[in-house]
$ cat query_24.txt   # compact mmCIF, C-alpha atoms and all ligand atoms
# COMPACT_ATOMS: atom_id res chain seq x y z
CA MET D 1 117.76 117.49 85.80
CA ALA D 2 117.79 116.26 89.42
CA ARG D 3 117.98 112.47 89.73
CA SER D 4 117.38 110.30 92.75
CA VAL D 5 119.23 107.30 91.35
CA ALA D 6 122.85 106.58 90.45
CA ILE D 7 123.45 104.86 87.11
CA ASN D 8 126.77 103.03 86.79
CA PRO D 9 128.69 104.86 89.53
CA PRO D 10 132.38 103.97 89.03
CA LYS D 11 133.12 103.50 92.70
CA MET D 12 133.22 100.62 95.14
CA CYS D 13 132.52 100.25 98.83
CA GLN D 14 134.93 100.85 101.69
CA PRO D 15 136.03 97.22 102.36
CA MET D 16 137.38 97.02 98.78
CA GLY D 17 139.90 99.79 99.49
CA ALA D 18 140.69 98.53 102.99
CA ILE D 19 141.49 95.06 101.62
CA LEU D 20 143.93 96.58 99.10
CA ALA D 21 145.65 98.53 101.89
CA TYR D 22 145.97 95.38 104.03
CA MET D 23 147.18 93.29 101.09
CA GLY D 24 150.26 95.51 100.85
CA VAL D 25 151.34 94.47 104.35
CA HIS D 26 153.61 91.45 104.75
CA GLY D 27 151.90 88.43 106.25
CA CYS D 28 148.56 90.19 106.61
CA VAL D 29 145.19 88.54 106.03
CA PRO D 30 142.28 90.93 105.52
CA LEU D 31 139.20 89.83 107.47
CA VAL D 32 135.88 91.31 106.40
CA HIS D 33 133.41 91.49 109.29
CA GLY D 34 130.23 91.14 107.30
CA SER D 35 128.24 88.91 104.98
CA GLN D 36 129.76 86.51 102.43
CA GLY D 37 129.24 88.85 99.48
CA CYS D 38 131.18 91.65 101.16
CA SER D 39 134.36 89.60 100.67
CA THR D 40 133.40 87.75 97.48
CA TYR D 41 132.95 90.87 95.43
CA PRO D 42 136.32 92.48 96.41
CA ARG D 43 138.08 89.13 95.83
CA TYR D 44 136.44 88.86 92.42
CA ASN D 45 137.61 92.35 91.46
CA ILE D 46 141.14 91.69 92.73
CA ALA D 47 141.36 88.39 90.85
CA ARG D 48 140.11 89.95 87.61
CA HIS D 49 142.38 93.01 87.80
CA PHE D 50 145.64 91.59 89.17
CA ARG D 51 145.20 87.99 87.93
CA GLU D 52 146.22 86.81 91.40
CA SER D 53 144.23 84.91 93.97
CA ALA D 54 143.45 86.89 97.09
CA GLU D 55 143.26 85.42 100.59
CA VAL D 56 140.41 87.39 102.17
CA ALA D 57 138.61 85.97 105.21
CA VAL D 58 135.03 86.81 106.19
CA SER D 59 133.06 86.47 109.42
CA SER D 60 130.07 85.39 107.33
CA LEU D 61 127.26 87.20 109.12
CA ALA D 62 123.68 86.02 108.54
CA GLU D 63 120.22 86.88 109.88
CA ASP D 64 120.93 85.80 113.46
CA ALA D 65 123.84 88.28 113.67
CA ALA D 66 121.46 91.12 112.80
CA VAL D 67 119.50 90.22 115.96
CA TYR D 68 122.17 88.98 118.38
CA GLY D 69 125.26 90.80 117.09
CA GLY D 70 128.30 89.51 115.21
CA ALA D 71 130.67 88.87 118.14
CA LYS D 72 130.38 85.07 117.88
CA ASN D 73 131.13 85.06 114.14
CA LEU D 74 134.07 87.47 114.42
CA THR D 75 135.61 85.51 117.30
CA GLU D 76 135.31 82.27 115.32
CA ALA D 77 136.71 83.95 112.20
CA ILE D 78 139.79 85.22 114.05
CA LYS D 79 140.41 81.78 115.56
CA ASN D 80 139.99 80.06 112.17
CA VAL D 81 142.37 82.46 110.40
CA LYS D 82 144.95 82.01 113.15
CA SER D 83 144.81 78.20 113.11
CA ARG D 84 144.65 77.80 109.32
CA ILE D 85 146.99 80.51 108.05
CA ASN D 86 148.81 81.78 111.14
CA PRO D 87 149.40 85.30 109.73
CA ALA D 88 151.50 88.01 111.36
CA ILE D 89 148.60 90.46 111.10
CA ILE D 90 144.83 90.24 110.70
CA GLY D 91 143.43 93.44 109.21
CA ILE D 92 139.75 93.72 110.04
CA CYS D 93 137.39 95.91 108.04
CA THR D 94 133.77 96.40 108.97
CA THR D 95 130.80 96.50 106.57
CA CYS D 96 127.31 97.94 106.31
CA MET D 97 125.87 95.18 108.49
CA SER D 98 128.46 95.05 111.28
CA GLU D 99 128.45 98.86 111.52
CA THR D 100 124.65 98.94 111.70
CA ILE D 101 124.62 96.26 114.40
CA GLY D 102 127.20 98.36 116.25
CA ASP D 103 129.68 95.57 117.07
CA ASP D 104 132.62 96.70 119.20
CA VAL D 105 135.24 95.18 116.88
CA ARG D 106 138.17 96.36 118.97
CA LEU D 107 136.87 94.66 122.12
CA ILE D 108 135.70 91.49 120.35
CA SER D 109 139.06 91.00 118.64
CA LYS D 110 140.96 91.66 121.87
CA ASN D 111 138.87 89.01 123.64
CA ALA D 112 139.40 86.57 120.76
CA LEU D 113 143.16 86.46 121.39
CA ALA D 114 144.65 84.06 123.89
CA PRO D 115 147.43 85.33 126.20
CA GLY D 116 150.75 85.25 124.35
CA ASP D 117 149.18 85.28 120.87
CA ALA D 118 151.71 86.86 118.50
CA VAL D 119 149.25 87.87 115.79
CA LYS D 120 148.51 91.60 115.61
CA ILE D 121 144.94 92.69 114.98
CA ILE D 122 144.24 95.95 113.15
CA PRO D 123 140.59 96.99 113.31
CA ALA D 124 139.42 99.62 110.81
CA SER D 125 135.95 101.09 110.69
CA THR D 126 134.82 100.97 107.04
CA PRO D 127 131.04 101.47 106.85
CA SER D 128 130.01 101.39 103.21
CA TYR D 129 127.11 103.79 103.39
CA VAL D 130 129.62 106.65 103.61
CA GLY D 131 132.57 107.28 101.31
CA THR D 132 133.95 104.91 98.70
CA HIS D 133 136.78 102.41 98.24
CA LEU D 134 139.18 105.33 98.67
CA THR D 135 137.75 106.14 102.13
CA GLY D 136 138.19 102.47 103.04
CA TYR D 137 141.83 102.51 101.90
CA ASP D 138 142.44 105.69 103.91
CA ASN D 139 140.76 104.32 107.06
CA ALA D 140 142.69 101.05 106.92
CA MET D 141 146.02 102.81 106.35
CA LYS D 142 145.35 105.14 109.28
CA ALA D 143 144.41 102.14 111.46
CA LEU D 144 147.71 100.46 110.53
CA VAL D 145 149.90 103.42 111.57
CA GLU D 146 147.75 104.22 114.62
CA THR D 147 148.15 100.65 115.88
CA LEU D 148 151.76 100.01 114.89
CA ALA D 149 153.80 103.26 114.61
CA VAL D 150 156.20 103.85 117.52
CA LYS D 151 158.63 106.72 118.14
CA ASP D 152 162.28 105.68 118.08
CA LYS D 153 165.53 107.06 116.68
CA PRO D 154 165.51 108.83 113.24
CA ASN D 155 165.67 106.43 110.30
CA TYR D 156 166.38 108.99 107.52
CA LYS D 157 163.72 107.42 105.33
CA ILE D 158 160.73 108.85 103.48
CA ASN D 159 157.27 107.35 103.95
CA ILE D 160 155.33 106.91 100.72
CA ILE D 161 151.58 106.40 101.05
CA THR D 162 150.69 104.95 97.69
CA GLY D 163 146.90 105.08 97.61
CA ILE D 164 145.26 102.72 95.13
CA ILE D 165 147.79 102.47 92.33
CA ASN D 166 149.20 99.51 90.42
CA PRO D 167 152.21 97.28 91.18
CA GLY D 168 153.92 98.74 88.09
CA ASP D 169 153.48 102.26 89.50
CA ILE D 170 154.94 101.27 92.86
CA ARG D 171 157.97 99.71 91.15
CA GLU D 172 158.45 102.93 89.15
CA ILE D 173 158.33 105.10 92.30
CA LYS D 174 160.79 102.72 93.99
CA LYS D 175 163.09 103.05 91.00
CA ILE D 176 163.06 106.86 91.25
CA LEU D 177 163.91 106.63 94.96
CA ARG D 178 166.66 104.12 94.22
CA ILE D 179 168.21 106.37 91.58
CA MET D 180 168.08 109.26 94.06
CA ASN D 181 169.60 107.02 96.73
CA VAL D 182 166.75 107.72 99.15
CA LYS D 183 165.54 105.04 101.56
CA SER D 184 161.81 104.64 101.97
CA ILE D 185 158.91 102.93 103.74
CA PHE D 186 155.92 102.14 101.53
CA LEU D 187 152.53 102.37 103.20
CA SER D 188 151.62 99.91 101.88
CA ASP D 189 153.23 97.90 99.06
CA ILE D 190 151.28 95.58 96.73
CA SER D 191 154.07 95.47 94.13
CA GLU D 192 154.88 91.84 95.01
CA THR D 193 151.87 90.65 96.96
CA LEU D 194 149.56 91.31 94.00
CA ASP D 195 152.09 90.65 91.25
CA SER D 196 154.07 87.70 92.49
CA PRO D 197 156.50 85.73 90.35
CA ILE D 198 156.44 82.00 89.65
CA LEU D 199 159.93 80.79 90.52
CA PRO D 200 161.45 77.47 89.47
CA GLY D 201 161.00 74.78 92.10
CA VAL D 202 159.18 77.13 94.48
CA HIS D 203 155.50 76.71 95.32
CA LYS D 204 153.61 79.96 95.65
CA PRO D 205 153.15 80.42 99.40
CA LEU D 206 149.64 80.74 100.84
CA LEU D 207 150.45 84.32 101.80
CA PRO D 208 152.52 85.98 99.08
CA ASP D 209 156.03 87.26 99.64
CA GLY D 210 156.60 90.99 99.75
CA GLY D 211 154.55 93.73 101.33
CA THR D 212 155.60 96.18 104.02
CA GLU D 213 156.73 94.56 107.27
CA ALA D 214 154.93 95.48 110.50
CA SER D 215 158.32 96.65 111.84
CA GLU D 216 158.61 99.11 108.93
CA ILE D 217 155.16 100.51 109.67
CA ALA D 218 156.27 100.89 113.29
CA ASP D 219 159.34 102.78 112.06
CA SER D 220 157.24 105.18 109.92
CA ALA D 221 157.02 107.41 113.02
CA ASN D 222 160.77 108.12 112.68
CA SER D 223 160.95 109.16 109.04
CA LEU D 224 162.06 112.42 107.46
CA GLY D 225 158.59 112.97 106.06
CA THR D 226 155.54 111.38 104.45
CA ILE D 227 154.54 111.87 100.83
CA SER D 228 151.02 110.84 99.92
CA ILE D 229 150.91 110.04 96.22
CA CYS D 230 147.11 110.20 96.31
CA ARG D 231 145.69 112.92 98.53
CA THR D 232 142.58 110.83 99.20
CA ALA D 233 144.93 108.66 101.30
CA SER D 234 146.24 111.36 103.62
CA SER D 235 144.86 110.48 107.08
CA ALA D 236 147.83 108.29 108.01
CA ALA D 237 150.19 111.12 106.99
CA THR D 238 148.20 113.59 109.10
CA TYR D 239 148.28 111.18 112.05
CA LEU D 240 152.08 110.76 111.77
CA ARG D 241 152.51 114.55 111.61
CA ASN D 242 150.23 115.30 114.58
CA LYS D 243 151.47 112.47 116.79
CA PHE D 244 155.17 112.20 115.85
CA ASN D 245 155.99 115.49 114.05
CA VAL D 246 156.71 113.71 110.75
CA PRO D 247 156.34 116.40 108.03
CA THR D 248 153.63 115.76 105.46
CA VAL D 249 153.60 116.51 101.74
CA LEU D 250 150.25 116.36 99.96
CA ASP D 251 150.73 117.18 96.29
CA PRO D 252 149.15 115.97 93.03
CA ALA D 253 149.94 112.46 91.79
CA PRO D 254 153.22 112.38 89.82
CA ILE D 255 151.85 112.06 86.29
CA GLY D 256 153.12 114.34 83.51
CA VAL D 257 155.93 116.87 83.64
CA ALA D 258 154.91 119.44 86.28
CA ASN D 259 153.46 116.97 88.78
CA THR D 260 156.45 114.60 88.53
CA ASP D 261 158.78 117.60 88.89
CA ARG D 262 157.00 118.44 92.15
CA PHE D 263 157.28 114.85 93.36
CA VAL D 264 160.99 114.62 92.61
CA GLN D 265 161.56 118.05 94.18
CA ASN D 266 159.65 116.97 97.31
CA ILE D 267 161.86 113.88 97.67
CA SER D 268 164.92 116.08 97.25
CA SER D 269 163.70 118.68 99.78
CA LEU D 270 162.80 116.12 102.44
CA SER D 271 165.92 113.99 102.05
CA GLY D 272 168.51 116.54 100.92
CA ALA D 273 169.31 114.31 97.91
CA VAL D 274 170.42 116.00 94.71
CA ILE D 275 168.42 115.24 91.59
CA PRO D 276 170.75 113.01 89.54
CA ASP D 277 171.32 113.21 85.78
CA GLU D 278 169.54 109.89 85.27
CA ILE D 279 166.29 111.45 86.52
CA LYS D 280 166.89 114.57 84.42
CA LYS D 281 167.34 112.35 81.35
CA GLU D 282 164.07 110.53 82.08
CA ARG D 283 162.39 113.93 82.25
CA GLY D 284 164.03 114.88 78.95
CA ARG D 285 162.75 111.68 77.32
CA LEU D 286 159.22 112.52 78.42
CA ILE D 287 159.51 115.99 76.84
CA ASP D 288 160.94 114.38 73.69
CA SER D 289 158.06 111.88 73.54
CA MET D 290 155.57 114.77 73.80
CA VAL D 291 157.29 116.57 70.93
CA ASP D 292 157.33 113.34 68.88
CA VAL D 293 153.54 112.96 68.99
CA HIS D 294 152.48 116.60 69.17
CA HIS D 295 151.15 116.66 65.60
CA TYR D 296 148.93 113.65 66.37
CA MET D 297 147.71 114.83 69.75
CA PHE D 298 147.39 118.62 69.52
CA GLY D 299 143.78 119.69 70.14
CA ARG D 300 142.52 116.13 70.53
CA LYS D 301 139.45 115.98 72.74
CA VAL D 302 139.81 113.62 75.70
CA ALA D 303 137.36 112.76 78.49
CA ILE D 304 138.64 111.17 81.71
CA PHE D 305 136.98 109.41 84.65
CA GLY D 306 138.31 107.59 87.69
CA ASP D 307 139.71 108.28 91.15
CA PRO D 308 140.19 112.02 91.76
CA ASP D 309 143.98 112.21 92.20
CA LEU D 310 144.71 110.22 89.07
CA VAL D 311 142.08 112.03 86.99
CA SER D 312 143.21 115.55 87.90
CA ALA D 313 146.88 114.63 87.29
CA ILE D 314 146.02 113.11 83.89
CA VAL D 315 143.99 116.22 82.96
CA ARG D 316 147.09 118.35 83.57
CA PHE D 317 149.27 115.95 81.60
CA CYS D 318 146.85 115.97 78.64
CA ALA D 319 146.90 119.78 78.68
CA GLU D 320 150.72 119.73 78.82
CA ALA D 321 150.66 117.48 75.75
CA GLY D 322 148.53 120.03 73.87
CA MET D 323 145.32 117.98 74.06
CA ASP D 324 141.89 119.34 74.92
CA PRO D 325 140.51 117.67 78.08
CA THR D 326 136.75 118.20 77.71
CA VAL D 327 135.34 116.31 80.71
CA ALA D 328 136.90 115.23 84.03
CA MET D 329 134.74 113.05 86.24
CA THR D 330 135.16 111.35 89.60
CA ALA D 331 132.64 109.48 91.71
CA THR D 332 134.59 110.21 94.90
CA LYS D 333 134.30 113.83 96.00
CA HIS D 334 137.53 115.44 97.11
CA LYS D 335 138.23 119.05 98.03
CA ASP D 336 141.27 119.34 95.70
CA PHE D 337 139.62 117.90 92.58
CA ALA D 338 137.80 120.97 91.22
CA PRO D 339 140.55 123.47 92.22
CA ASP D 340 143.19 121.28 90.50
CA ILE D 341 141.24 121.27 87.24
CA LYS D 342 140.31 124.94 87.42
CA GLU D 343 144.02 125.67 87.81
CA VAL D 344 144.75 123.69 84.61
CA ASN D 345 141.91 125.52 82.81
CA ALA D 346 143.37 128.90 83.81
CA GLU D 347 146.93 127.92 82.92
CA TYR D 348 146.26 126.21 79.58
CA LYS D 349 143.09 128.10 78.49
CA THR D 350 141.19 124.80 78.43
CA ASP D 351 137.53 124.45 79.39
CA THR D 352 137.41 121.07 81.11
CA GLN D 353 133.96 120.34 82.57
CA ILE D 354 134.18 119.12 86.17
CA LEU D 355 131.85 116.33 87.33
CA GLU D 356 132.25 115.26 90.93
CA GLY D 357 130.46 112.66 93.08
CA THR D 358 128.46 111.44 90.11
CA ASP D 359 128.12 108.47 87.77
CA LEU D 360 128.92 107.22 84.29
CA TYR D 361 125.46 108.16 83.01
CA GLU D 362 126.21 111.83 83.65
CA PHE D 363 129.73 111.40 82.32
CA HIS D 364 128.32 109.90 79.12
CA GLU D 365 125.86 112.81 78.73
CA ALA D 366 128.72 115.27 79.14
CA VAL D 367 130.81 113.37 76.58
CA LYS D 368 127.92 113.64 74.11
CA THR D 369 127.70 117.39 74.74
CA TYR D 370 131.37 118.36 74.84
CA GLY D 371 132.86 115.65 72.65
CA ALA D 372 135.72 113.20 73.02
CA GLU D 373 137.99 111.45 70.55
CA LEU D 374 139.43 109.38 73.36
CA ILE D 375 138.20 108.25 76.76
CA LEU D 376 140.45 107.38 79.67
CA GLY D 377 139.14 105.30 82.56
CA ASN D 378 138.72 101.80 83.93
CA SER D 379 136.90 98.90 82.26
CA LYS D 380 133.51 100.28 83.29
CA GLY D 381 133.85 102.86 80.53
CA LYS D 382 133.90 100.26 77.75
CA ASP D 383 130.21 100.44 76.82
CA LEU D 384 130.00 104.22 76.66
CA ALA D 385 133.23 104.39 74.67
CA ASP D 386 131.75 101.83 72.25
CA ASP D 387 128.51 103.86 72.06
CA GLU D 388 130.49 106.98 71.17
CA GLY D 389 132.68 105.08 68.73
CA VAL D 390 135.91 106.19 70.40
CA PRO D 391 138.77 104.19 71.95
CA LEU D 392 139.10 103.64 75.69
CA VAL D 393 142.58 103.76 77.20
CA ARG D 394 142.37 101.84 80.43
CA PHE D 395 143.90 103.00 83.69
CA GLY D 396 142.95 102.77 87.38
CA PHE D 397 141.01 99.99 89.09
CA PRO D 398 139.38 97.71 88.09
CA VAL D 399 140.59 96.81 84.61
CA TYR D 400 139.22 93.36 83.83
CA ASP D 401 138.80 93.29 80.04
CA ARG D 402 142.50 93.69 79.24
CA VAL D 403 145.48 91.85 80.67
CA GLY D 404 148.65 93.28 82.12
CA VAL D 405 147.53 96.88 82.73
CA TYR D 406 148.56 96.55 86.41
CA ARG D 407 152.12 95.70 85.35
CA TYR D 408 152.91 98.99 83.63
CA PRO D 409 153.39 102.36 85.31
CA ILE D 410 151.62 105.58 84.41
CA LEU D 411 153.36 107.43 87.25
CA GLY D 412 156.71 109.21 87.04
CA TYR D 413 158.37 110.48 83.85
CA ASN D 414 158.67 106.95 82.48
CA GLY D 415 155.10 106.02 83.28
CA SER D 416 153.87 109.23 81.66
CA ILE D 417 155.71 108.28 78.45
CA TYR D 418 153.93 104.93 78.50
CA LEU D 419 150.54 106.59 79.06
CA LEU D 420 151.13 109.08 76.26
CA ASP D 421 152.14 106.28 73.88
CA GLN D 422 148.99 104.35 74.81
CA MET D 423 146.84 107.40 74.09
CA THR D 424 148.58 108.16 70.80
CA ASN D 425 148.44 104.58 69.55
CA ALA D 426 144.76 104.31 70.52
CA ILE D 427 143.99 107.35 68.36
CA LEU D 428 146.23 106.23 65.49
CA GLY D 429 144.73 102.74 65.48
CA HIS D 430 141.07 103.78 65.60
CA LYS D 431 138.65 104.26 62.73
CA TYR D 432 136.45 107.23 63.63
CA ASP D 433 132.88 107.75 62.42
CA PRO D 434 132.92 111.05 60.51
CA ASN D 435 129.32 111.82 61.56
CA LYS D 436 130.03 111.82 65.30
CA LEU D 437 130.48 114.97 67.40
CA HIS D 438 133.95 113.88 68.56
CA GLN D 439 135.31 114.79 65.14
S1 LIG Q 1 128.08 97.87 100.08
FE1 LIG Q 1 127.90 97.03 102.18
S2 LIG Q 1 126.74 95.12 101.91
FE2 LIG Q 1 127.50 95.68 99.89
S3 LIG Q 1 129.47 94.58 99.65
FE3 LIG Q 1 129.93 96.64 100.48
S4 LIG Q 1 129.99 96.36 102.68
FE4 LIG Q 1 128.94 94.59 101.85
$ encode --input "query_24.txt" --output "structure tokens" --more "lines below"
Ligand code: SF4
Amino acid sequence: MARSVAINPPKMCQPMGAILAYMGVHGCVPLVHGSQGCSTYPRYNIARHFRESAEVAVSSLAEDAAVYGGAKNLTEAIKNVKSRINPAIIGICTTCMSETIGDDVRLISKNALAPGDAVKIIPASTPSYVGTHLTGYDNAMKALVETLAVKDKPNYKINIITGIINPGDIREIKKILRIMNVKSIFLSDISETLDSPILPGVHKPLLPDGGTEASEIADSANSLGTISICRTASSAATYLRNKFNVPTVLDPAPIGVANTDRFVQNISSLSGAVIPDEIKKERGRLIDSMVDVHHYMFGRKVAIFGDPDLVSAIVRFCAEAGMDPTVAMTATKHKDFAPDIKEVNAEYKTDTQILEGTDLYEFHEAVKTYGAELILGNSKGKDLADDEGVPLVRFGFPVYDRVGVYRYPILGYNGSIYLLDQMTNAILGHKYDPNKLHQ
């Protein structure tokens, strides 16, 4: 039935994603050019998910800005951020209001700087009436490389565009690169900025340590290639290819056996590095873990929702593990989502229903029709999982009703083992209602 309303869409607006991209840059303060709530709600989500405070500035637009424009507020905001925090970079993202007003953010921010000001300003256009948080991430990342990347001598590194993944995932990808002895530039890197340690005798700085340096982003123009872990975050890779001839690899997220094989092979092909035994052993442990739980997981119905790259990769992994992925849903449309899942259906003789650009109401209806003994998604799936009497294994963003999810990887061979163990233990530990369809 056609509906003209969205009910519980599991997506957020563009500034949310842009802020996460900026927070992975060393010494960068995100500045939201919009109303108070446009920064409060992303900060709230970041604080709940990562259990870290987030320094996000806002130009605090009100009614007068809707009439006279937001130039005065943005100029004041830039000056305040400079004098109070003195960051290396201010990453500006626009909002519904500033886009509708039509503020020339580039010009306003240029005029706000005094001669000799060292701070770099990155303006990204992130109107929230198009796209989702993933579009915002992509736009901010593209703005960062467009503003900063400069051609110089080859650096023999690989650029990794992470997309919206967790600090634990980034550390896992770094570990794989370390084992393969491949140098890298992460675009960007929240592994420390949003998971910072408390060290003895050291006060947490106002701006967290870690993150990718502006100089590294500048150097991304000189790399051997760019791998985008999430294909929704590919614009910066395309820009680097078109402007600086940096080869681009856009493949599925490295979750499960086949997708992680492709990722490792891509690193090897771009860098010339051989795949060491340590990586082969990790792969072998993943296969072993799948064999270990096969009798628990074979034929188990699983329904998955979340961001498209992670969902389609998890669908493939579930099929590899002998499970029956019944429903795959994403609120963010992406051209590769349906083809990815159709490919899994053809290869594994599964019949996964594909829901794209929709909401959790439709996902719930599909779960009732096609069944699920397990649901995978973020915390927004809790109520429907409870309604269906099945466990929810949490992944993605935001996860606010469990602690520590951001710390553990689900990417790479090791992360896939962790994800499989979570799924298996959720099923083993759950008491199912024998009258429900999922049985
Ligand atoms: S949807 Fe628009 S108004 Fe609402 S928080 Fe996002 S940018 Fe602000």
$ closest_atom_pairs --input "query_24.txt" --of "chain D" --to "ligand LIG 1 (chain Q)" --cutoff "8 Å" --atoms "only C-alpha atoms and all ligand atoms" --output "JSON lines"
{"residue": "D:Met12", "atom": "CA", "partner": "Q:LIG1", "partner_atom": "FE3", "distance": 7.4}
{"residue": "D:Cys13", "atom": "CA", "partner": "Q:LIG1", "partner_atom": "FE3", "distance": 4.7}
{"residue": "D:Gln14", "atom": "CA", "partner": "Q:LIG1", "partner_atom": "FE3", "distance": 6.6}
{"residue": "D:Pro15", "atom": "CA", "partner": "Q:LIG1", "partner_atom": "S4", "distance": 6.1}
{"residue": "D:Met16", "atom": "CA", "partner": "Q:LIG1", "partner_atom": "FE3", "distance": 7.7}
{"residue": "D:Gly34", "atom": "CA", "partner": "Q:LIG1", "partner_atom": "FE4", "distance": 6.6}
{"residue": "D:Ser35", "atom": "CA", "partner": "Q:LIG1", "partner_atom": "FE4", "distance": 6.5}
{"residue": "D:Gly37", "atom": "CA", "partner": "Q:LIG1", "partner_atom": "S3", "distance": 5.7}
{"residue": "D:Cys38", "atom": "CA", "partner": "Q:LIG1", "partner_atom": "S3", "distance": 3.7}
{"residue": "D:Ser39", "atom": "CA", "partner": "Q:LIG1", "partner_atom": "S3", "distance": 7.1}
{"residue": "D:Tyr41", "atom": "CA", "partner": "Q:LIG1", "partner_atom": "S3", "distance": 6.6}
{"residue": "D:Pro42", "atom": "CA", "partner": "Q:LIG1", "partner_atom": "S3", "distance": 7.9}
{"residue": "D:Thr94", "atom": "CA", "partner": "Q:LIG1", "partner_atom": "S4", "distance": 7.3}
{"residue": "D:Thr95", "atom": "CA", "partner": "Q:LIG1", "partner_atom": "S4", "distance": 4.0}
{"residue": "D:Cys96", "atom": "CA", "partner": "Q:LIG1", "partner_atom": "FE1", "distance": 4.3}
{"residue": "D:Met97", "atom": "CA", "partner": "Q:LIG1", "partner_atom": "S2", "distance": 6.6}
{"residue": "D:Thr126", "atom": "CA", "partner": "Q:LIG1", "partner_atom": "S4", "distance": 8.0}
{"residue": "D:Pro127", "atom": "CA", "partner": "Q:LIG1", "partner_atom": "S4", "distance": 6.7}
{"residue": "D:Ser128", "atom": "CA", "partner": "Q:LIG1", "partner_atom": "FE1", "distance": 5.0}
{"residue": "D:Tyr129", "atom": "CA", "partner": "Q:LIG1", "partner_atom": "S1", "distance": 6.9}
$ residues_around --input "query_24.txt" --residues "segment 287-292 of chain D" --least-positions-apart "3" --cutoff "12 Å" --atoms "all atoms listed in the file" --output "ChimeraX atom specification"
/D:256-258,280-284,295-298,317-323,413-424
$ residues_near_point --input "query_24.txt" --point "(152.5, 113.0, 101.6)" --cutoff "9 Å" --atoms "all atoms listed in the file" --output "PDB file with C-alpha atoms, keeping the file's coordinate frame"
ATOM      1  CA  ASN D 159     157.270 107.350 103.950  1.00  0.00           C
ATOM      2  CA  ILE D 160     155.330 106.910 100.720  1.00  0.00           C
ATOM      3  CA  ILE D 161     151.580 106.400 101.050  1.00  0.00           C
ATOM      4  CA  GLY D 225     158.590 112.970 106.060  1.00  0.00           C
ATOM      5  CA  THR D 226     155.540 111.380 104.450  1.00  0.00           C
ATOM      6  CA  ILE D 227     154.540 111.870 100.830  1.00  0.00           C
ATOM      7  CA  SER D 228     151.020 110.840  99.920  1.00  0.00           C
ATOM      8  CA  ILE D 229     150.910 110.040  96.220  1.00  0.00           C
ATOM      9  CA  CYS D 230     147.110 110.200  96.310  1.00  0.00           C
ATOM     10  CA  ARG D 231     145.690 112.920  98.530  1.00  0.00           C
ATOM     11  CA  ALA D 233     144.930 108.660 101.300  1.00  0.00           C
ATOM     12  CA  SER D 234     146.240 111.360 103.620  1.00  0.00           C
ATOM     13  CA  ALA D 237     150.190 111.120 106.990  1.00  0.00           C
ATOM     14  CA  THR D 238     148.200 113.590 109.100  1.00  0.00           C
ATOM     15  CA  PRO D 247     156.340 116.400 108.030  1.00  0.00           C
ATOM     16  CA  THR D 248     153.630 115.760 105.460  1.00  0.00           C
ATOM     17  CA  VAL D 249     153.600 116.510 101.740  1.00  0.00           C
ATOM     18  CA  LEU D 250     150.250 116.360  99.960  1.00  0.00           C
ATOM     19  CA  ASP D 251     150.730 117.180  96.290  1.00  0.00           C
TER      20      ASP D 251
END
$ atom_distance --input "query_24.txt" --atom1 "atom CA of Ile170 of chain D" --atom2 "atom CA of Asp359 of chain D"
28.2 Å
$ residues_near_point --input "query_24.txt" --point "(136.3, 108.7, 77.6)" --cutoff "7 Å" --atoms "all atoms listed in the file" --output "ChimeraX atom specification"
/D:302-304,372,374-377,381,385,392
$ write_last_selection --input "query_24.txt" --atoms "C-alpha atoms" --output "PDB file, keeping the file's coordinate frame"
ATOM      1  CA  VAL D 302     139.810 113.620  75.700  1.00  0.00           C
ATOM      2  CA  ALA D 303     137.360 112.760  78.490  1.00  0.00           C
ATOM      3  CA  ILE D 304     138.640 111.170  81.710  1.00  0.00           C
ATOM      4  CA  ALA D 372     135.720 113.200  73.020  1.00  0.00           C
ATOM      5  CA  LEU D 374     139.430 109.380  73.360  1.00  0.00           C
ATOM      6  CA  ILE D 375     138.200 108.250  76.760  1.00  0.00           C
ATOM      7  CA  LEU D 376     140.450 107.380  79.670  1.00  0.00           C
ATOM      8  CA  GLY D 377     139.140 105.300  82.560  1.00  0.00           C
ATOM      9  CA  GLY D 381     133.850 102.860  80.530  1.00  0.00           C
ATOM     10  CA  ALA D 385     133.230 104.390  74.670  1.00  0.00           C
ATOM     11  CA  LEU D 392     139.100 103.640  75.690  1.00  0.00           C
TER      12      LEU D 392
END
$ residues_around --input "query_24.txt" --residues "Arg178 of chain D" --least-positions-apart "2" --cutoff "12 Å" --atoms "all atoms listed in the file" --output "ChimeraX atom specification"
/D:157-158,171-176,180-184,267,273,275-276,278-279
$ residues_around --input "query_24.txt" --residues "segment 404-408 of chain D" --least-positions-apart "4" --cutoff "8 Å" --atoms "all atoms listed in the file" --output "PDB file with C-alpha atoms, in the frame of the given file"
ATOM      1  CA  HIS D  49     142.380  93.010  87.800  1.00  0.00           C
ATOM      2  CA  PHE D  50     145.640  91.590  89.170  1.00  0.00           C
ATOM      3  CA  ASN D 166     149.200  99.510  90.420  1.00  0.00           C
ATOM      4  CA  PRO D 167     152.210  97.280  91.180  1.00  0.00           C
ATOM      5  CA  GLY D 168     153.920  98.740  88.090  1.00  0.00           C
ATOM      6  CA  ASP D 169     153.480 102.260  89.500  1.00  0.00           C
ATOM      7  CA  ASP D 195     152.090  90.650  91.250  1.00  0.00           C
ATOM      8  CA  ARG D 394     142.370 101.840  80.430  1.00  0.00           C
ATOM      9  CA  PHE D 395     143.900 103.000  83.690  1.00  0.00           C
ATOM     10  CA  VAL D 399     140.590  96.810  84.610  1.00  0.00           C
ATOM     11  CA  GLY D 415     155.100 106.020  83.280  1.00  0.00           C
ATOM     12  CA  TYR D 418     153.930 104.930  78.500  1.00  0.00           C
TER      13      TYR D 418
END
